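Colleague: Just passing along the structure, written as structure tokens.
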Amino acid sequence: MIDKIHWLGHDSFRIDASKTTIFIDPWQIKPQKQKADLVLVTHEHFDHCSKRDIEKIRTNNTVVVGSVQCSGELVGIKTLKPGEKSVGQGVKIEAVPAYNTNKFREPGKPFHPKIDQKLGYVIEVDGKRIYHAGDTDSIPEMSELKNIDIALLPVSGTYVMTAEEAAEAANKIRPRLAVPMHYGSIVGSRKDAEKFKELCKYKVKILEKE
């Protein structure tokens, strides 16, 4: 399944499932041969909720799912809150929490407050469970995730988990495979991904940007 997951930079991925093409947080993506059957948007920040990039891959039949605050940016999306589930284009979707516990823009004001209900996702496709963590720190709710085959985890620090914290999160999630993300654009570098691979007790695959 990992050969069907393509890292498009930052938190952006394309998953080429057997019957469905899924994009997650498309931002500054190159032209794509495939259009999207399903687009998942974790939250409303510009580097995750990019109307311009979604329009590149959207058709009249594309299902777009996002957090509640994305509804102000995107027309015709289905919104979810943490804990809610849905099915889009035959893909099971579970919205899960994503928030900061120790990353602050100023004292007492996290970059991603829990109250905002920003999202991560667990999707089930082709018999695999894939977790995209969104912009988050290592949070208690990660311990509740079950049977995760592939975990896509931010590692850059500043706005999200550091490599060390992402390794801690992996211990909670216990994925069969972990893939680092959220580096190489706004903040973080491949060194963060490599540090995560060094520290993580689980199998790690560092993807090349496409």
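By convention in this document, the chains of the structure tokens carry letters A, B, ... by their order, each chain's residues are numbered from 1, and ligands are numbered from 1 in the order they are shown.
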Compile the contact shell of Cys49 in chain A as a PyMOL selection string: residues with an atom at most 8 Å away, counting only C-alpha atoms, same-chain residues fewer than 4 positions apart removed.
Modeller: chain A and resi 25-27+41-45+70+73
Colleague: List the neighbours of Ala170 in chain A out to 8 Å using only C-alpha atoms; skip same-chain residues closer than 3 positions along the sequence, and give me the result as number ranges by chain.
Modeller: A: 166-167, 173-175, 178, 200-202
Colleague: Hey, can you spit out that residue selection with N, CA and C atoms as a PDB file, in the first residue's frame?
Modeller:
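selection.pdb, written as the output of this step:
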```pdb
ATOM      1  N   ALA A 166       7.074  13.242  17.922  1.00  0.00           N
ATOM      2  CA  ALA A 166       6.428  12.345  16.959  1.00  0.00           C
ATOM      3  C   ALA A 166       6.781  10.893  17.257  1.00  0.00           C
ATOM      4  N   ALA A 167       8.019  10.641  17.691  1.00  0.00           N
ATOM      5  CA  ALA A 167       8.396   9.283  18.087  1.00  0.00           C
ATOM      6  C   ALA A 167       7.591   8.840  19.297  1.00  0.00           C
ATOM      7  N   ILE A 173       0.383   5.220  19.125  1.00  0.00           N
ATOM      8  CA  ILE A 173      -0.416   4.770  17.975  1.00  0.00           C
ATOM      9  C   ILE A 173      -0.089   3.335  17.578  1.00  0.00           C
ATOM     10  N   ARG A 174       1.174   2.969  17.692  1.00  0.00           N
ATOM     11  CA  ARG A 174       1.672   1.633  17.342  1.00  0.00           C
ATOM     12  C   ARG A 174       1.339   1.261  15.882  1.00  0.00           C
ATOM     13  N   PRO A 175       1.743   2.107  14.950  1.00  0.00           N
ATOM     14  CA  PRO A 175       1.444   1.802  13.537  1.00  0.00           C
ATOM     15  C   PRO A 175       2.367   0.731  12.990  1.00  0.00           C
ATOM     16  N   ALA A 178       5.278   4.173   9.850  1.00  0.00           N
ATOM     17  CA  ALA A 178       5.121   5.613  10.067  1.00  0.00           C
ATOM     18  C   ALA A 178       5.819   6.377   8.949  1.00  0.00           C
ATOM     19  N   CYS A 200      12.218   6.576  16.274  1.00  0.00           N
ATOM     20  CA  CYS A 200      10.961   5.824  16.288  1.00  0.00           C
ATOM     21  C   CYS A 200      11.214   4.325  16.429  1.00  0.00           C
ATOM     22  N   LYS A 201      10.442   3.673  17.283  1.00  0.00           N
ATOM     23  CA  LYS A 201      10.580   2.237  17.508  1.00  0.00           C
ATOM     24  C   LYS A 201       9.888   1.414  16.423  1.00  0.00           C
ATOM     25  N   TYR A 202       9.129   2.095  15.591  1.00  0.00           N
ATOM     26  CA  TYR A 202       8.370   1.406  14.560  1.00  0.00           C
ATOM     27  C   TYR A 202       9.017   1.660  13.194  1.00  0.00           C
TER      28      TYR A 202
END
```
Colleague: Compare A:Asp37, A:Asp3, A:Glu194, A:Glu124 by their minimum atom-to-atom distance to Val155 in chain A, counting only C-alpha atoms, and give me the closest one.
Modeller: A:Glu194
Colleague: Pick from A:Lys195, A:Lys92, A:Lys128, A:His48: nearest to His10 in chain A, with only C-alpha atoms counted?
Modeller: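 The shortest atom-to-atom distance to His10 in chain A comes from A:His48.
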Colleague: Show which residues sit within 10 Å of Thr59 in chain A, as a tab-separated table (two decimals) with C-alpha atoms, in the first residue's frame. Count only C-alpha atoms, and ignore same-chain residues fewer than 6 positions away.
Modeller:
```
chain	number	residue	atom	x	y	z
A	35	LYS	CA	-8.35	14.09	-10.53
A	36	ALA	CA	-9.66	13.65	-7.01
A	37	ASP	CA	-12.54	11.40	-6.08
A	38	LEU	CA	-12.12	12.47	-2.45
```
Colleague: Can you work out the spacing between CA of Gly83 in chain A and CA of Thr62 in chain A in Å, to one decimal?
Modeller: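 It comes out at 23.1 Å.
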Colleague: Need the shell around Gly157 in chain A: protein/DNA/RNA residues with any atom at most 9 Å away, counting only C-alpha atoms. Skip same-chain ones fewer than 4 positions apart. Format as number ranges by chain?
Modeller: A: 103, 137, 161-163, 165, 182-183, 187-188, 192
Colleague: List the spatial neighbours of Lys146 in chain A as number ranges by chain - criterion: any atom at most 10 Å away, only C-alpha atoms, same-chain residues fewer than 2 positions off excluded.
Modeller: A: 122, 129, 142-144, 148-149, 172-175
Colleague: With only C-alpha atoms as the basis for distance, which of A:Gly76, A:Pro154, A:Pro110, A:Gly127 is at the shortest distance from Asn60 in chain A?
Modeller: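 Closest candidate: A:Gly76.
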Colleague: Using only C-alpha atoms, which protein or nucleic acid residues come within 9 Å of Lys4 in chain A? Drop anything in the same chain fewer than 4 positions from it, and give the result as an mmCIF file with N, CA and C atoms, in the first residue's frame.
Modeller:
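Dumped to selection-v4.cif:
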```cif
data_model
loop_
_atom_site.group_PDB
_atom_site.id
_atom_site.type_symbol
_atom_site.label_atom_id
_atom_site.label_comp_id
_atom_site.auth_asym_id
_atom_site.auth_seq_id
_atom_site.Cartn_x
_atom_site.Cartn_y
_atom_site.Cartn_z
ATOM 1 N N ARG A 14 -1.266 12.216 -1.971
ATOM 2 C CA ARG A 14 -2.220 11.590 -2.880
ATOM 3 C C ARG A 14 -2.149 10.094 -2.645
ATOM 4 N N ILE A 15 -3.298 9.479 -2.452
ATOM 5 C CA ILE A 15 -3.381 8.038 -2.246
ATOM 6 C C ILE A 15 -4.111 7.439 -3.438
ATOM 7 N N ASP A 16 -3.425 6.586 -4.166
ATOM 8 C CA ASP A 16 -4.012 5.946 -5.344
ATOM 9 C C ASP A 16 -4.560 4.587 -4.944
ATOM 10 N N ALA A 17 -5.756 4.576 -4.404
ATOM 11 C CA ALA A 17 -6.396 3.318 -4.029
ATOM 12 C C ALA A 17 -6.909 2.624 -5.282
#
```
Colleague: So that I can check the secondary structure, give me every residue of range 3-204 of chain A assigned strand (DSSP E) by backbone DSSP, as a ChimeraX atom specification.
Modeller: /A:5-9,12-16,21-24,38-41,63-67,78-80,85-88,91-97,104-106,109-110,119-125,128-132,150-154,177-181
Colleague: What residues in range 3-207 of chain A get the DSSP label alpha helix (DSSP H)? Please answer as a list of chain:residue names.
Modeller: A:Lys51, A:Arg52, A:Asp53, A:Ile54, A:Glu55, A:Lys56, A:Ile57, A:Ala163, A:Glu164, A:Glu165, A:Ala166, A:Ala167, A:Glu168, A:Ala169, A:Ala170, A:Asn171, A:Lys172, A:Ile173, A:Arg190, A:Lys191, A:Asp192, A:Ala193, A:Glu194, A:Lys195, A:Phe196, A:Lys197, A:Glu198, A:Leu199
Colleague: Looking at A:Gln34, A:Gln89, A:Gln69, A:Ser156, which one is nearest to Phe46 in chain A, with distances taken over only C-alpha atoms?
Modeller: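 When distances to Phe46 in chain A are compared using only C-alpha atoms, the smallest one comes from A:Gln69.
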Colleague: Excluding Lys114 in chain A and its own-chain neighbours fewer than 5 positions away, which residues fall within 8 Å of it when counting only C-alpha atoms? Please give them as a count of residues only.
Modeller: 4
Colleague: Restricting the calculation to only C-alpha atoms, which member of A:Lys205, A:His132, A:Lys51, A:Arg58 is positioned closest to Leu145 in chain A?
Modeller: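 Of the candidates, the smallest distance to Leu145 in chain A is held by A:His132.
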Colleague: Of the candidates A:Ile130, A:Ile24, A:Ile123, A:Val65, which one gets nearest to Gly9 in chain A if we count only C-alpha atoms?
Modeller: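 The shortest atom-to-atom distance to Gly9 in chain A comes from A:Ile24.
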Colleague: How many Å lie between CA of Ile29 in chain A and CA of Asp11 in chain A, rounded to one decimal?
Modeller: 10.7 Å
Colleague: Report, in Å to a single decimal, how far apart CA of Thr79 in chain A and CA of Ile115 in chain A are.
Modeller: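 So the answer is 15.8 Å.
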